[in-house]
Structures are given as C-alpha cells and as structure tokens.
Amino acid sequence: MTTAEMLELDRLREEVAQWRARFDAAKKRNALFANSGDVVDPVYTALDIAGDGSALELPGEYPFTRGIHATGYRGKLWTMRQFAGFGTAPETNARYKYLLSHGQTGLSVAFDFPTLMGYDSDHPRSEGEVGKCGVAISSLADMETLFEGIPLDKVSTSMTINGPAVILFAFYVAAAEKQGVDIKELRGTIQNDILKEYMAQHAWVYPIEPALRLIVDNFAWSAEHVPLWNTISISGYHIREAGATAAQELAFTLADGFTYVERGLARGLDVDDFAPRLSFFWDIHNDFFEEIAKLRAARRIWARHLKERFGAKDPRSLIMRFHSQTAGVTLTAQQPMNNVVRVAYQAMAAVLGGTQSLHTNSMDETLALPTEQAVQVALRTQQVLAYETGVPNVADPLGGSYYVEALTDKLEQEAEALFEQIAEVGGVVHGLETGWLQRKIAESSSRQQWEIEQHRRTIVGVNEFVTEEGELTIPLLKVSEAAEREQRARMAQMRASRDNGLVESRLTALREASRTDTNLMPFILDCARAYCTLYEIRAAMEEVFGAYREPVFF
Amino acid sequence: MRPIRVLVAKPGLDGHDRGAKVVAAALRDAGMEVIYTGLHQTPEMIATAAIQEDVDVVGLSILSGAHMTLIPRVLDLLRADGRDDILVTGGGIIPREDMDALEARGTGRLFGPGTPTSELVDYIHDWFEARESQTA
C-alpha cells in the first residue's frame, strides 16, 4: 500500500468514527439486525475490505468468487429445473412433458419415500407412502415408463436419490440403453451425497463405510462410461433445511466435498479424473445478501482447496458448479400467497450468486405437493427474472460492494474455522458417528425457533402481521390412493413376466462381488438390466454390508 | 403433580426430524419427560414403545403424506391394547380436511407448520389436567 493510500484510509477511518457517533446517538428500531449467524454492521465501507484485493479478480478467473464463466449469464442462462414427481411413473411422465412444453429446460426427479429408502412399492414398509412425496420407481420397468417419449440423449436429468443412488442410476442407464441411446451422451446428476444424509436428510441404507465405497465405485465407473454425468451433488440444501446457519451449511457441505475427494484419492484415482464431475447444491434462504455472499465464498473456498490442498491442475476441477433451490423451510402455511414473494427474492439471490440451475418452490408446498398452477407461477418467477429484470445482464453485479465483499470474506473465515473444528473432532465421518455434526445443526435450529417465538425474528403472517379472519385457502393437489394399487399391480405383472432364473443369478453375482473390493457398478447394472427390483438389489448388498443405525438424540 | 410423559415418534419412512426434535426439546424444557424414538418407526414399534414406557401422550410427526395410513394404525394398536387413555396428537404437512378426518377418528389436535411450541405445551397441559381430574 502506498503512503497516499494509507493516508486515504486514515481519513476514511476518521469519517466512519464520526458517522458511528451520530449513528449511536440516533433513535433506532428495536429489531434483530442479524443474518443467520451474527449481527451485521449498520454500514460497510472500504475499511471492511481494506488490504484484500483478492475478491477483485474478473469473472471466470481463479478463485472464481465472481463466477465460473467469463461471460456470466450472457453465454448461457441458468437451467430452470423444477423438481417434480408424484404418484406413478405414467402420471409423472405426463407432468414432465407438461413442464418441457412450458419452457423448462431440464428434468429433476422427485422419488417417493419408499424409493428413497430402497423399498419396492409392494414391500410392507411402503404401505401408505407409495407415490405420496414423489414418484415410485421400483425397477427398470418403471424407469422406462417415466421417460417414455423423452429421448435421454436430449434432456439433462437430475435425480434426488442418495442411499440407493447407484441402483436408481443403473435403472436410468439401462433405460437409456433400451432407448438405443449412446450412454456416453447422458447428461445429468444423481445427488448420491450420503454424508449429508447421515447429517440431515436421513434417507440412508448402509453404514457409512460401505456407502462411501459405492460412491467411489461410481466415480470410477462413470469417469469411463458416462463422462458427462455428474456423479454427485454435494448438498448443503438439506443441512440448511434441518436448521444449520449459512456458515454451517457452507462449511459442512464443503467438508463433505473434501471427504469425497480424499476417498477418491485413497482409491488411487487422479483428482482431475473425477473432480470435474463433482457438483454442488445450495439452499437459498431469506437473508438476501448473506445468501449471495455464501455462494461467492463457496466457489472461492472450493477452488483454493482443490488447487492448494489436493493439487488439482485441470481448471474444470477447480470450478464449483451448482444447483440452487429456494428454501422450503422459509415457506409458511399461513397466508400461502406470500410465499410467491419469498421465492422471488430467494431466486434473485441465487442468480446474483451465479447459480448454474435453479428450482423455485411453489407457494403451496407447506400444505401438499404443488398443483400444476402453483408450479407454473414458480417457473414463471424464474422467467420474469431471466427475461424482464435485467439481472442476468452483468456478471457478478454485486462484486465490489463493501457489504457483499466483507460478508463473502467473513463467511469464508467462518467456514475455515469450522473446518478446523471438524478436524479436531476427527473429521466428517467421525463427527457423524458421534453425532457432533447433527448436534451443531440441532442447536442452530432450536435457536432460530426461539428467536421466532420470542418475536426477535419476524416471519410475516406467522408471528407478526397475522390475519385472524379465517385462513386464506388455495387449491391443493391430492395424490390418489389408486396410485399405490396401480403400482402394486404393475409390480406383480413385472415380477411374473421377467426371467426369474436370470434375476437370481445376477443377484448372487452382486452379493458375491460385494464381499470383494471389485467395482460393484457393472454388477448392479447387470441386475437392473435383468429387472431385479430396487429392494432385491438393496437387500443383496445389505446381506454383506449391514444397515445403518442412527445415533438418537434431541 | 407428576411430570407428563411424552413419546415423540417419527412414523414411516420420511427423514424430516427438525420439527420432531424442536418439539421434543420444547416439551422437555416445559418440564415433561420426553422420549424420542428416532426415525423410520413402524406403527407397531411406536405403540409398543408407548405402552412399555407408560407414556401419557404420543406425539407423531409426519411430513410424508402417509398420515391417513400411519396415524389411524397407531390409534388402533393402542386401542387394541386397551390404552385409549393415551393422547395421540401430532403434526406435520397435513391438509386441514385430513386433520379434521383424523381428529374425528379419535386423535387429539393436530398442528400445522408455524405453530408456536408454547401452543403445544399448553394443549398437552390442559388435556392432562382434564384427564387427571376425570380419573381423580
């Protein structure tokens, strides 16, 4: 810093001190001026970012604080990707065709709880849950129906599946083969992030170590056979929804990401062979600037760690590509139309933060799965943002804002401090086994609930601005009870028509391979091609791997 | 008066336990004895735990849409064991008309998103006092 610059900073320091005295003397509202972590200052100046020129690189340049593309959104808009699925495969297939015809540019599959947990629709534990929160997919036959008439080399598909992710992925690959598509052309993502399942979302199947083995098996297999496929979507979304602060979401998710990299390296993979296919998924909550800063900090931290700690050389290993979803937990059942406004602000934060794809929630999701009309408003919210507001015209338009830059730096520092704490408790896997990570999230969740109940944090329509005269009602989607019956009938037909001798031999081969160190993906894919069901494949490996048991506490 | 014993339970396959944990902690802070089952419980597991632990209240948290199947089953299992003195209450993502149907079937009040925990505490206290005064 030159002498002139130092004198200029001294002058500014003096001005800010005078301003501070006036501020302190002034009358102020009694409200919580805080983001999810800390109280924020009433104004930010050059003093808050002094000495740190690192944020001022250009978009598309290391460490990518300002975005991964030099062209911002002028090269390509974000993908508008609405998460959808309910009832049976034919019903969801119709919803996908509707969404694609309304200008949606990618598909995103929501599975029902039995599928998420690896149970077939005709398993006793599935009763009452089939098709309720997503679509029921129990075998290749259902996956073929789900994408009937949708060429899999022409769409990109995201699948939110974790515990049994590799099995559903095998169904998808087998369905593409049946369509006659070259699987090298497949584009999309499986969530497949098991660490955050233990931490927050809780759709697990196997214990941690065998679950991580399956993930690394898939990294290795996919790098060779489906090179354009994102093998994992390392997710902060569920961690935040479970109650974490923005800094915790950032740090715990990145720590999960580093753990996957370490496991890939331990397998003997080259970091540049699998890191380019790692993608991320963030929750976009209410605090507008904090969310933007979180996304900027996330890109910077990932790039720095991949380069400096893991020695990645391919620029594609350093760039963090991510999907975003507006925060479901911020939606209110009270005055549900207000949710349209919340979602619009959150969507704008996601775009100002440089997201690659976006799901906007529907206004009715605290009450039921969304109706077609509600989904359309949510999609139109993205289209208004993309085509009317002018927001996508300029890359990282908030870059250089004192507040946003200071907040980006602060979140980066908080994340680094949390990485140290995680290392002190023995790393992510050990932190999950002892429940340390889960407790951190639960503590934040309880604090936020306390703030709301104490009226320290305002939720419009819930703890302030409450409408007494009757609830405002909006139409709700009802998933018919017939879905479960129809799905069971389809399963019975499929079980009767397949080659059951082949099913048995493929399952036996998978079970035996599970006892060795061999890559299990080819065995799982062979099971999928033979119409082995989800639960049959799950159970074959479970005999060897066992089941996960959660540490129960509150 | 002895502390009220509550079993907070997560029936079915859904993994959303934020609400269950917040409620469990709030009831404990209000002086109740709270047992939390953990996730992925069958109605049989919940009814058995309620009887073995001799609770006064079962609080079911369900966000998966399977409430019309799972909640009545817990009620029926408790009744089959002669334990219709246990209050079955709960909450989650449950449309109003389903709440009405379940309450008509014999559950206590069911609560939707955004309910202050103080409301649950008051409700359980009031119910418990009413039950104790009847049996006294």
# chains A, B, ... in the order shown; residues from 1 in each chain; ligands from 1
$ closest_atom_pairs --of "chain A" --to "chain B" --cutoff "9 Å" --atoms "only C-alpha atoms" --output "Markdown table"
| residue | atom | partner | partner_atom | distance |
| --- | --- | --- | --- | --- |
| A:Asp112 | CA | B:Ser64 | CA | 8.6 |
| A:Phe113 | CA | B:Leu13 | CA | 5.8 |
| A:Pro114 | CA | B:Leu13 | CA | 6.8 |
| A:Leu116 | CA | B:Leu13 | CA | 8.7 |
| A:Met117 | CA | B:Leu13 | CA | 7.2 |
| A:Arg125 | CA | B:Gly12 | CA | 7.6 |
| A:Ser126 | CA | B:Leu13 | CA | 8.0 |
| A:Glu127 | CA | B:Thr69 | CA | 7.6 |
| A:Gly128 | CA | B:Ala66 | CA | 5.1 |
| A:Glu129 | CA | B:Ala66 | CA | 5.1 |
| A:Val130 | CA | B:Ala66 | CA | 8.5 |
| A:Lys132 | CA | B:Gly65 | CA | 5.6 |
| A:Cys133 | CA | B:Ser64 | CA | 6.0 |
| A:Glu197 | CA | B:Gly15 | CA | 9.0 |
| A:Ala200 | CA | B:His16 | CA | 8.1 |
| A:Gln201 | CA | B:Gly15 | CA | 5.7 |
| A:His202 | CA | B:Gly15 | CA | 4.8 |
| A:Ala203 | CA | B:Gly15 | CA | 6.2 |
| A:Glu241 | CA | B:Arg18 | CA | 8.3 |
| A:Ala242 | CA | B:Arg18 | CA | 5.5 |
| A:Gly243 | CA | B:Arg18 | CA | 7.2 |
| A:Thr332 | CA | B:Gly114 | CA | 6.8 |
| A:Ala333 | CA | B:Pro113 | CA | 6.0 |
| A:Gln334 | CA | B:Gly114 | CA | 7.6 |
| A:Glu365 | CA | B:Ile93 | CA | 8.6 |
| A:Thr366 | CA | B:Ile93 | CA | 6.1 |
| A:Leu367 | CA | B:Ile93 | CA | 5.5 |
| A:Ala368 | CA | B:Ile93 | CA | 6.7 |
| A:Leu369 | CA | B:Gly65 | CA | 8.9 |
| A:Ala442 | CA | B:Arg18 | CA | 7.4 |
| A:Ser445 | CA | B:Arg18 | CA | 7.5 |
| A:Ser446 | CA | B:Val22 | CA | 6.0 |
| A:Gln449 | CA | B:Val22 | CA | 7.8 |
| A:Ile452 | CA | B:Pro116 | CA | 8.5 |
| A:Glu453 | CA | B:Pro116 | CA | 6.3 |
| A:Val462 | CA | B:Gly114 | CA | 6.3 |
| A:Asn463 | CA | B:Gly114 | CA | 8.5 |
| A:Leu476 | CA | B:Pro95 | CA | 8.3 |
| A:Val479 | CA | B:Gly65 | CA | 9.0 |
| A:Glu550 | CA | B:Gly38 | CA | 7.7 |
| A:Pro551 | CA | B:Gly38 | CA | 8.2 |
| A:Val552 | CA | B:Gly38 | CA | 5.4 |
| A:Phe553 | CA | B:Tyr36 | CA | 7.2 |
| A:Phe554 | CA | B:Lys21 | CA | 5.2 |
$ write_last_selection --atoms "N, CA and C atoms" --output "short mmCIF file (atom, residue, chain, number, x, y, z; two decimals), in the first residue's frame"
data_model
loop_
_atom_site.label_atom_id
_atom_site.label_comp_id
_atom_site.auth_asym_id
_atom_site.auth_seq_id
_atom_site.Cartn_x
_atom_site.Cartn_y
_atom_site.Cartn_z
N ASP A 112 -40.54 -41.09 -4.35
CA ASP A 112 -41.31 -41.24 -3.11
C ASP A 112 -40.41 -41.82 -2.00
N PHE A 113 -40.92 -41.80 -0.77
CA PHE A 113 -40.08 -42.23 0.35
C PHE A 113 -39.65 -43.69 0.25
N PRO A 114 -40.55 -44.62 -0.16
CA PRO A 114 -40.06 -45.99 -0.30
C PRO A 114 -38.87 -46.08 -1.24
N LEU A 116 -36.74 -43.70 -2.02
CA LEU A 116 -35.58 -43.03 -1.39
C LEU A 116 -34.90 -43.93 -0.38
N MET A 117 -35.69 -44.82 0.25
CA MET A 117 -35.13 -45.71 1.27
C MET A 117 -34.78 -47.09 0.71
N ARG A 125 -43.29 -52.15 4.25
CA ARG A 125 -42.95 -50.85 4.84
C ARG A 125 -43.36 -49.68 3.95
N SER A 126 -43.74 -50.00 2.71
CA SER A 126 -44.11 -48.92 1.78
C SER A 126 -45.58 -48.53 1.89
N GLU A 127 -46.34 -49.31 2.63
CA GLU A 127 -47.79 -49.10 2.67
C GLU A 127 -48.14 -47.68 3.10
N GLY A 128 -49.00 -47.04 2.32
CA GLY A 128 -49.44 -45.68 2.64
C GLY A 128 -48.51 -44.61 2.12
N GLU A 129 -47.33 -44.97 1.62
CA GLU A 129 -46.33 -43.97 1.24
C GLU A 129 -46.04 -43.97 -0.26
N VAL A 130 -46.64 -44.92 -1.00
CA VAL A 130 -46.29 -45.07 -2.42
C VAL A 130 -46.79 -43.85 -3.21
N LYS A 132 -46.52 -40.76 -2.66
CA LYS A 132 -47.02 -39.62 -1.89
C LYS A 132 -46.14 -38.40 -2.03
N CYS A 133 -44.83 -38.57 -1.93
CA CYS A 133 -43.95 -37.41 -1.93
C CYS A 133 -43.07 -37.37 -3.17
N GLU A 197 -26.84 -37.17 4.22
CA GLU A 197 -27.99 -37.97 4.67
C GLU A 197 -27.85 -38.28 6.15
N ALA A 200 -28.31 -34.85 7.92
CA ALA A 200 -29.51 -34.01 7.90
C ALA A 200 -30.75 -34.63 7.27
N GLN A 201 -30.64 -35.26 6.11
CA GLN A 201 -31.87 -35.64 5.41
C GLN A 201 -32.36 -37.03 5.79
N HIS A 202 -31.44 -37.93 6.15
CA HIS A 202 -31.79 -39.19 6.79
C HIS A 202 -32.42 -40.25 5.88
N ALA A 203 -32.14 -40.21 4.58
CA ALA A 203 -32.57 -41.33 3.72
C ALA A 203 -31.34 -42.19 3.44
N GLU A 241 -31.87 -26.82 5.63
CA GLU A 241 -33.28 -27.04 5.94
C GLU A 241 -33.44 -27.65 7.34
N ALA A 242 -32.46 -28.46 7.74
CA ALA A 242 -32.52 -29.08 9.07
C ALA A 242 -32.21 -28.08 10.17
N GLY A 243 -31.80 -26.86 9.80
CA GLY A 243 -31.64 -25.83 10.82
C GLY A 243 -30.28 -25.17 10.88
N THR A 332 -44.45 -20.53 4.42
CA THR A 332 -45.37 -20.58 5.54
C THR A 332 -46.72 -21.14 5.10
N ALA A 333 -47.32 -21.88 6.01
CA ALA A 333 -48.67 -22.38 5.76
C ALA A 333 -49.68 -21.26 5.90
N GLN A 334 -49.31 -20.25 6.73
CA GLN A 334 -50.18 -19.10 6.93
C GLN A 334 -50.01 -18.15 5.75
N GLU A 365 -46.36 -25.56 -0.92
CA GLU A 365 -45.62 -26.75 -0.53
C GLU A 365 -45.55 -27.02 0.97
N THR A 366 -46.02 -26.09 1.81
CA THR A 366 -46.12 -26.45 3.23
C THR A 366 -47.41 -27.21 3.49
N LEU A 367 -48.25 -27.32 2.47
CA LEU A 367 -49.56 -27.93 2.66
C LEU A 367 -49.68 -29.27 1.93
N ALA A 368 -49.01 -29.40 0.80
CA ALA A 368 -49.11 -30.62 0.00
C ALA A 368 -48.09 -30.52 -1.12
N LEU A 369 -48.02 -31.55 -1.97
CA LEU A 369 -47.23 -31.41 -3.20
C LEU A 369 -47.89 -30.32 -4.04
N ALA A 442 -28.80 -29.13 15.18
CA ALA A 442 -29.98 -29.08 16.06
C ALA A 442 -29.94 -27.85 16.97
N SER A 445 -30.98 -24.87 14.95
CA SER A 445 -32.41 -24.96 14.68
C SER A 445 -33.21 -24.50 15.90
N SER A 446 -32.81 -24.94 17.08
CA SER A 446 -33.53 -24.55 18.30
C SER A 446 -33.40 -23.06 18.55
N GLN A 449 -35.78 -21.19 16.26
CA GLN A 449 -37.16 -21.34 16.71
C GLN A 449 -37.43 -20.43 17.90
N ILE A 452 -37.85 -16.86 16.81
CA ILE A 452 -39.17 -16.63 16.20
C ILE A 452 -40.23 -16.53 17.30
N GLU A 453 -40.18 -17.45 18.25
CA GLU A 453 -41.20 -17.44 19.30
C GLU A 453 -41.08 -16.24 20.22
N VAL A 462 -46.91 -15.15 10.34
CA VAL A 462 -46.81 -16.24 11.33
C VAL A 462 -46.71 -15.67 12.74
N ASN A 463 -45.68 -14.82 12.98
CA ASN A 463 -45.59 -14.24 14.32
C ASN A 463 -45.83 -12.72 14.31
N LEU A 476 -55.34 -27.50 -3.42
CA LEU A 476 -54.24 -28.42 -3.13
C LEU A 476 -54.31 -29.67 -4.02
N VAL A 479 -52.86 -36.68 -4.08
CA VAL A 479 -52.34 -37.87 -4.76
C VAL A 479 -53.34 -38.98 -4.47
N GLU A 550 -28.91 -44.98 13.38
CA GLU A 550 -28.64 -43.57 13.71
C GLU A 550 -28.40 -43.39 15.21
N PRO A 551 -27.54 -42.42 15.56
CA PRO A 551 -27.46 -42.03 16.97
C PRO A 551 -28.70 -41.18 17.31
N VAL A 552 -29.55 -41.65 18.23
CA VAL A 552 -30.81 -40.95 18.53
C VAL A 552 -30.60 -39.96 19.67
N PHE A 553 -30.97 -38.72 19.44
CA PHE A 553 -30.89 -37.70 20.49
C PHE A 553 -31.79 -36.56 20.08
N PHE A 554 -32.09 -35.65 21.02
CA PHE A 554 -32.74 -34.40 20.64
C PHE A 554 -32.27 -33.31 21.57
#
$ residues_around --residues "region 169-183 of chain A" --least-positions-apart "3" --cutoff "7 Å" --atoms "only C-alpha atoms" --output "ChimeraX atom specification"
/A:139-140,143-144,152-153,165-166,186,226,524-525,528-529
$ write_last_selection --atoms "N, CA and C atoms" --output "PDB file, in the first residue's frame"
ATOM      1  N   SER A 139     -38.175 -50.559 -10.393  1.00  0.00           N
ATOM      2  CA  SER A 139     -37.348 -51.387 -11.286  1.00  0.00           C
ATOM      3  C   SER A 139     -37.123 -50.630 -12.586  1.00  0.00           C
ATOM      4  N   LEU A 140     -36.324 -51.236 -13.453  1.00  0.00           N
ATOM      5  CA  LEU A 140     -36.100 -50.682 -14.790  1.00  0.00           C
ATOM      6  C   LEU A 140     -37.425 -50.424 -15.501  1.00  0.00           C
ATOM      7  N   MET A 143     -38.693 -47.097 -14.652  1.00  0.00           N
ATOM      8  CA  MET A 143     -37.828 -46.039 -15.198  1.00  0.00           C
ATOM      9  C   MET A 143     -38.089 -45.873 -16.695  1.00  0.00           C
ATOM     10  N   GLU A 144     -38.317 -46.979 -17.397  1.00  0.00           N
ATOM     11  CA  GLU A 144     -38.637 -46.890 -18.831  1.00  0.00           C
ATOM     12  C   GLU A 144     -39.924 -46.095 -19.031  1.00  0.00           C
ATOM     13  N   LEU A 152     -33.410 -39.643 -23.934  1.00  0.00           N
ATOM     14  CA  LEU A 152     -32.487 -39.368 -22.825  1.00  0.00           C
ATOM     15  C   LEU A 152     -31.156 -38.763 -23.276  1.00  0.00           C
ATOM     16  N   ASP A 153     -30.902 -38.736 -24.588  1.00  0.00           N
ATOM     17  CA  ASP A 153     -29.704 -38.017 -25.042  1.00  0.00           C
ATOM     18  C   ASP A 153     -30.019 -36.546 -25.326  1.00  0.00           C
ATOM     19  N   ALA A 165     -28.701 -44.653  -4.399  1.00  0.00           N
ATOM     20  CA  ALA A 165     -28.500 -43.854  -5.621  1.00  0.00           C
ATOM     21  C   ALA A 165     -27.947 -44.673  -6.772  1.00  0.00           C
ATOM     22  N   VAL A 166     -26.952 -45.508  -6.481  1.00  0.00           N
ATOM     23  CA  VAL A 166     -26.319 -46.222  -7.598  1.00  0.00           C
ATOM     24  C   VAL A 166     -27.306 -47.180  -8.256  1.00  0.00           C
ATOM     25  N   LEU A 186     -25.208 -39.276 -22.086  1.00  0.00           N
ATOM     26  CA  LEU A 186     -26.126 -38.964 -20.974  1.00  0.00           C
ATOM     27  C   LEU A 186     -25.596 -37.773 -20.177  1.00  0.00           C
ATOM     28  N   VAL A 226     -19.787 -42.842 -18.514  1.00  0.00           N
ATOM     29  CA  VAL A 226     -20.736 -41.727 -18.709  1.00  0.00           C
ATOM     30  C   VAL A 226     -20.037 -40.423 -18.330  1.00  0.00           C
ATOM     31  N   ILE A 524     -24.329 -54.137 -10.472  1.00  0.00           N
ATOM     32  CA  ILE A 524     -25.630 -53.501 -10.213  1.00  0.00           C
ATOM     33  C   ILE A 524     -26.347 -53.248 -11.537  1.00  0.00           C
ATOM     34  N   LEU A 525     -25.594 -52.815 -12.542  1.00  0.00           N
ATOM     35  CA  LEU A 525     -26.179 -52.557 -13.859  1.00  0.00           C
ATOM     36  C   LEU A 525     -26.723 -53.853 -14.471  1.00  0.00           C
ATOM     37  N   ALA A 528     -29.975 -54.517 -12.880  1.00  0.00           N
ATOM     38  CA  ALA A 528     -31.001 -53.605 -13.408  1.00  0.00           C
ATOM     39  C   ALA A 528     -31.516 -54.100 -14.749  1.00  0.00           C
ATOM     40  N   ARG A 529     -30.590 -54.502 -15.633  1.00  0.00           N
ATOM     41  CA  ARG A 529     -30.977 -54.969 -16.983  1.00  0.00           C
ATOM     42  C   ARG A 529     -31.858 -56.205 -16.914  1.00  0.00           C
TER      43      ARG A 529
END
$ select_by_dssp --residues "chain B" --states "strand (DSSP E)" --output "list in words"
Arg5, Val6, Leu7, Val8, Ala9, Glu33, Val34, Ile35, Tyr36, Val57, Val58, Gly59, Leu60, Ser61, Ile62, Leu87, Val88, Thr89, Gly90, Gly91, Gly92, Leu110 and Phe111 of chain B
$ select_by_dssp --residues "region 271-491 of chain A" --states "alpha helix (DSSP H)" --output "ChimeraX atom specification"
/A:271-274,288-308,315-318,338-352,372-387,402-424,427-433,436-453,482-491
$ closest_residue --among "A:Ile292, A:Met337, A:Leu7, A:Leu100" --to "Asp396 (chain A)" --atoms "only C-alpha atoms"
A:Ile292
$ closest_residue --among "A:Leu510, A:Arg267, A:Met521, A:Leu99" --to "Leu168 (chain A)" --atoms "only C-alpha atoms"
A:Met521
